[in-house]
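The structure appears right after this line, and notes come after that.
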Amino acid sequence: MNPHDFTPMRWGSNPHLQTLFPRIVRRTPLFEPVWQRLNTPDGDFVDLCWTENPQYNKNKPIVVLFHGLSGGFNSPYANGLLHAFKAQNWLGVLMHFRSCSGSMNKKLKSYHSGETLDARFMLNYVKEHFPHLPRAAVGVSMGGNVLVRYLAQFNDDPLINAACVISPPLDLAACSERIQKGFSKVYQTYLLHSMTRSLKIKLTQYPEVGHWKSGQKIRISNLFEFDETVTAPINDFKNAKDYYQKCSGLPVLNKISTPLKVIHSSDDPFMTSAVIPSSPLPKNIEYHLTQQGGHVGFVSGTFKKPFFWLEKEVPRWLKPHLQ
């Protein structure tokens with residue numbers, strides 16, 4: 001048995017328990033971050049959370065974290081991973097996608113699973129301020145798909161030494177369909193609540209957002225409808241199907257030359273086997289498929305003493321690339 005494999009928590013291998021357990025036991029962040037706002041070239045902004053003040057820590061390796069759909073620093077996996085990076089004496093930083101930091105962005109443009117320009121802007125900023133230090137990036141769930149698309153798009157100049165993606169929805173259409181079934185509808189309801197709340201606020205700033213007009217009662221019952229009526233039209237896709245087809249990460253994995261680790265769980269309630277690569281991957285990509293772990297769960301140990309495997313495995317894999 002590989003010593004780096006994941007063993008689920010005793011009596012806690014159920015995929016939904018694995019998915020929800022971190023949120024149950026980690027109700028507050030593990031540390032207080034240092035906030036920073038960066039103005040983007042198009043007149044908007046992205047908010048960052050650093051593990052330490054970057055002005056006083058210019059000699060440490062940098063790890064940039066991209067969160068999942070409707071996530072942010074308060075997500076247990078986000079501050080947990082950042083805390084693990086800090087423990088390695090690395091400087092960690094989370095880039096909030098637009099409108100995910102608690103502050104609504106100025107522009108109509110939002111983020112989506114294939115939007116890579118803000119990631120490029122962020123990594124350029126890090127390179128400019130830490131030009132001689134090793135740099136890596138980690139993407140979680142939707143942020144993982146974004147990072148895969150980014151690495152393929154900027155294959156010749158990725159600005160980082162290595163990357164790791166966790167539970168990335170590499171086939172967006174299959175994942176959109178999966179989350180509408182069974183208990184997974186609970187996750188969809190949670191995500192939609194956050195997304196429609198942001199949509200309502202955006203409709204106070206703009207008379208029209210996608211197919212919706214200011215003053216209309218928002219009726220969106222699933223993520224496909226949100227992507228069909230909001231994500232696709234405001235980002236110049238024909239429809240949700242076109243968006244899913246053009247932004248899924250699976251078809252572009254073989255275009256990546258950066259060292260990359262992909263972590264998936266077979267029992268992920270957000271996904272199907274469609275996200276699992278079926279053809280051989282380049283040698284620079286390490287694909288790690290566990291049998292259990294849920295969606296960004298991967299909790300080992302016991303109920304009384306849980307162990308968050310990702311917070312050991314991701315730093316372990318990145319370490320050789322950051323020395």
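For the structure tokens, the naming scheme is as follows: chains receive sequential letters (A, B, ...) according to their order of presentation, residues are indexed from 1 within each chain, and ligands are indexed from 1 in presentation order.
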
Write out, as a Markdown table, each residue of range 28-134 of chain A that has an atom at most 9 Å from range 247-265 of chain A, together with the closest pair of atoms and their distance in Å to one decimal, counting only C-alpha atoms, rows going by chain and rising number.
| residue | atom | partner | partner_atom | distance |
| --- | --- | --- | --- | --- |
| A:His112 | CA | A:Cys247 | CA | 8.7 |
| A:Ser113 | CA | A:Cys247 | CA | 6.3 |
| A:Gly114 | CA | A:Cys247 | CA | 4.6 |
| A:Glu115 | CA | A:Cys247 | CA | 8.2 |

Selection near Gly92 in chain A, 7 Å with only C-alpha atoms, sequence-local residues under 4 positions removed, as a ChimeraX atom specification
/A:50-51,62-64,82,85-86

Selection near Gln292 in chain A, 10 Å with only C-alpha atoms, sequence-local residues under 5 positions removed, as a VMD selection string
chain A and resid 6 to 9 13 to 15 18 264 to 268 297 to 299

With C-alpha atoms retained, write the just-selected residues as a short mmCIF file (atom, residue, chain, number, x, y, z; two decimals), in the first residue's frame.
data_model
loop_
_atom_site.label_atom_id
_atom_site.label_comp_id
_atom_site.auth_asym_id
_atom_site.auth_seq_id
_atom_site.Cartn_x
_atom_site.Cartn_y
_atom_site.Cartn_z
CA PHE A 6 -6.00 8.17 1.75
CA THR A 7 -7.72 6.09 4.44
CA PRO A 8 -11.16 7.41 5.40
CA MET A 9 -12.15 8.26 8.94
CA SER A 13 -16.42 6.82 5.03
CA ASN A 14 -19.84 7.86 3.71
CA PRO A 15 -19.24 10.38 0.88
CA GLN A 18 -16.81 13.16 4.22
CA HIS A 264 -10.23 12.85 -7.31
CA SER A 265 -12.45 10.56 -5.25
CA SER A 266 -14.56 7.87 -6.90
CA ASP A 267 -17.46 8.58 -4.54
CA ASP A 268 -17.52 12.36 -5.04
CA GLY A 297 -13.43 15.97 2.18
CA PHE A 298 -10.67 13.37 2.59
CA VAL A 299 -10.99 13.15 6.38
#

For Val275 in chain A, the nearest of the candidates A:Arg316, A:Lys200, A:Arg178, A:His16, counting only C-alpha atoms
A:Arg178

Run DSSP on the backbone and tell me which residues of range 148-268 of chain A come out as helix (DSSP H, G or I); list them as a ChimeraX atom specification.
/A:148-153,172-178,184-205,223-234,240-247,250-255

Next, write the just-selected residues to a file, as a PDB file, in the first residue's frame, keeping C-alpha atoms as the atom set.
ATOM      1  CA  VAL A 148      -6.332  23.267 -15.373  1.00  0.00           C
ATOM      2  CA  ARG A 149      -7.681  25.582 -18.095  1.00  0.00           C
ATOM      3  CA  TYR A 150      -5.103  28.210 -17.112  1.00  0.00           C
ATOM      4  CA  LEU A 151      -2.174  25.784 -17.286  1.00  0.00           C
ATOM      5  CA  ALA A 152      -3.257  24.626 -20.742  1.00  0.00           C
ATOM      6  CA  GLN A 153      -3.829  28.167 -22.020  1.00  0.00           C
ATOM      7  CA  LEU A 172     -18.874  20.428 -16.444  1.00  0.00           C
ATOM      8  CA  ALA A 173     -21.940  19.005 -18.193  1.00  0.00           C
ATOM      9  CA  ALA A 174     -21.722  15.689 -16.333  1.00  0.00           C
ATOM     10  CA  CYS A 175     -21.236  17.474 -12.999  1.00  0.00           C
ATOM     11  CA  SER A 176     -24.141  19.842 -13.641  1.00  0.00           C
ATOM     12  CA  GLU A 177     -26.373  16.831 -14.259  1.00  0.00           C
ATOM     13  CA  ARG A 178     -25.039  14.846 -11.289  1.00  0.00           C
ATOM     14  CA  SER A 184     -26.593  16.008  -4.032  1.00  0.00           C
ATOM     15  CA  LYS A 185     -29.554  18.354  -4.507  1.00  0.00           C
ATOM     16  CA  VAL A 186     -28.756  19.603  -0.990  1.00  0.00           C
ATOM     17  CA  TYR A 187     -25.421  20.932  -2.205  1.00  0.00           C
ATOM     18  CA  GLN A 188     -27.079  22.455  -5.257  1.00  0.00           C
ATOM     19  CA  THR A 189     -29.596  24.278  -3.050  1.00  0.00           C
ATOM     20  CA  TYR A 190     -26.783  25.673  -0.906  1.00  0.00           C
ATOM     21  CA  LEU A 191     -24.801  26.883  -3.918  1.00  0.00           C
ATOM     22  CA  LEU A 192     -27.857  28.351  -5.642  1.00  0.00           C
ATOM     23  CA  HIS A 193     -28.797  30.300  -2.518  1.00  0.00           C
ATOM     24  CA  SER A 194     -25.451  32.084  -2.581  1.00  0.00           C
ATOM     25  CA  MET A 195     -25.401  32.556  -6.350  1.00  0.00           C
ATOM     26  CA  THR A 196     -28.948  33.943  -6.637  1.00  0.00           C
ATOM     27  CA  ARG A 197     -28.280  36.294  -3.720  1.00  0.00           C
ATOM     28  CA  SER A 198     -25.342  37.729  -5.657  1.00  0.00           C
ATOM     29  CA  LEU A 199     -27.501  37.915  -8.786  1.00  0.00           C
ATOM     30  CA  LYS A 200     -30.139  39.957  -6.948  1.00  0.00           C
ATOM     31  CA  ILE A 201     -27.491  42.403  -5.718  1.00  0.00           C
ATOM     32  CA  LYS A 202     -26.040  42.668  -9.218  1.00  0.00           C
ATOM     33  CA  LEU A 203     -29.524  43.497 -10.544  1.00  0.00           C
ATOM     34  CA  THR A 204     -29.545  46.560  -8.290  1.00  0.00           C
ATOM     35  CA  GLN A 205     -26.389  47.720 -10.084  1.00  0.00           C
ATOM     36  CA  LEU A 223     -27.309  25.061 -11.584  1.00  0.00           C
ATOM     37  CA  PHE A 224     -27.972  24.351 -15.256  1.00  0.00           C
ATOM     38  CA  GLU A 225     -30.669  27.040 -15.294  1.00  0.00           C
ATOM     39  CA  PHE A 226     -28.290  29.474 -13.616  1.00  0.00           C
ATOM     40  CA  ASP A 227     -25.612  28.789 -16.209  1.00  0.00           C
ATOM     41  CA  GLU A 228     -28.174  28.971 -19.022  1.00  0.00           C
ATOM     42  CA  THR A 229     -29.667  32.302 -17.929  1.00  0.00           C
ATOM     43  CA  VAL A 230     -26.716  34.008 -16.202  1.00  0.00           C
ATOM     44  CA  THR A 231     -23.239  32.499 -16.656  1.00  0.00           C
ATOM     45  CA  ALA A 232     -23.474  31.821 -20.390  1.00  0.00           C
ATOM     46  CA  PRO A 233     -25.026  35.104 -21.605  1.00  0.00           C
ATOM     47  CA  ILE A 234     -22.865  37.480 -19.531  1.00  0.00           C
ATOM     48  CA  ALA A 240     -24.970  26.479 -20.898  1.00  0.00           C
ATOM     49  CA  LYS A 241     -24.074  23.567 -23.170  1.00  0.00           C
ATOM     50  CA  ASP A 242     -21.651  25.781 -25.103  1.00  0.00           C
ATOM     51  CA  TYR A 243     -20.142  27.021 -21.818  1.00  0.00           C
ATOM     52  CA  TYR A 244     -19.664  23.487 -20.493  1.00  0.00           C
ATOM     53  CA  GLN A 245     -18.125  22.295 -23.740  1.00  0.00           C
ATOM     54  CA  LYS A 246     -15.663  25.170 -24.050  1.00  0.00           C
ATOM     55  CA  CYS A 247     -14.613  25.355 -20.396  1.00  0.00           C
ATOM     56  CA  LEU A 250     -10.644  17.236 -19.203  1.00  0.00           C
ATOM     57  CA  PRO A 251     -10.015  17.820 -22.949  1.00  0.00           C
ATOM     58  CA  VAL A 252      -6.992  20.066 -22.310  1.00  0.00           C
ATOM     59  CA  LEU A 253      -5.079  18.033 -19.712  1.00  0.00           C
ATOM     60  CA  ASN A 254      -2.661  16.765 -22.364  1.00  0.00           C
ATOM     61  CA  LYS A 255      -1.728  20.360 -23.262  1.00  0.00           C
TER      62      LYS A 255
END

Selection near Phe130 in chain A, 9 Å with only C-alpha atoms, sequence-local residues under 6 positions removed, as a VMD selection string
chain A and resid 58 to 62

Give me, as a short mmCIF file (atom, residue, chain, number, x, y, z; two decimals) with N, CA and C atoms, in the first residue's frame, all polymer residues having an atom no more than 10 Å from Arg37 in chain A, counting only C-alpha atoms and skipping those fewer than 2 positions away in the same chain.
data_model
loop_
_atom_site.label_atom_id
_atom_site.label_comp_id
_atom_site.auth_asym_id
_atom_site.auth_seq_id
_atom_site.Cartn_x
_atom_site.Cartn_y
_atom_site.Cartn_z
N TRP A 35 -5.56 40.90 4.70
CA TRP A 35 -6.35 41.20 3.51
C TRP A 35 -5.65 42.22 2.62
N ASN A 39 -6.51 46.11 -7.67
CA ASN A 39 -7.31 46.67 -8.75
C ASN A 39 -6.93 45.98 -10.06
N THR A 40 -7.93 45.52 -10.79
CA THR A 40 -7.70 44.79 -12.03
C THR A 40 -7.64 45.75 -13.22
N PHE A 45 -11.82 44.74 -9.18
CA PHE A 45 -10.86 44.36 -8.15
C PHE A 45 -11.00 42.89 -7.79
N VAL A 46 -9.94 42.33 -7.19
CA VAL A 46 -9.99 41.02 -6.55
C VAL A 46 -9.43 41.17 -5.15
N ASP A 47 -10.01 40.47 -4.19
CA ASP A 47 -9.56 40.53 -2.81
C ASP A 47 -8.73 39.31 -2.47
N LEU A 48 -7.61 39.55 -1.79
CA LEU A 48 -6.68 38.49 -1.42
C LEU A 48 -6.67 38.28 0.08
N CYS A 49 -6.38 37.06 0.50
CA CYS A 49 -6.12 36.74 1.91
C CYS A 49 -4.75 36.07 2.00
N MET A 95 -6.78 33.93 -3.65
CA MET A 95 -7.43 34.95 -4.48
C MET A 95 -8.92 34.67 -4.52
N HIS A 96 -9.71 35.61 -4.01
CA HIS A 96 -11.16 35.47 -4.13
C HIS A 96 -11.59 35.78 -5.56
#
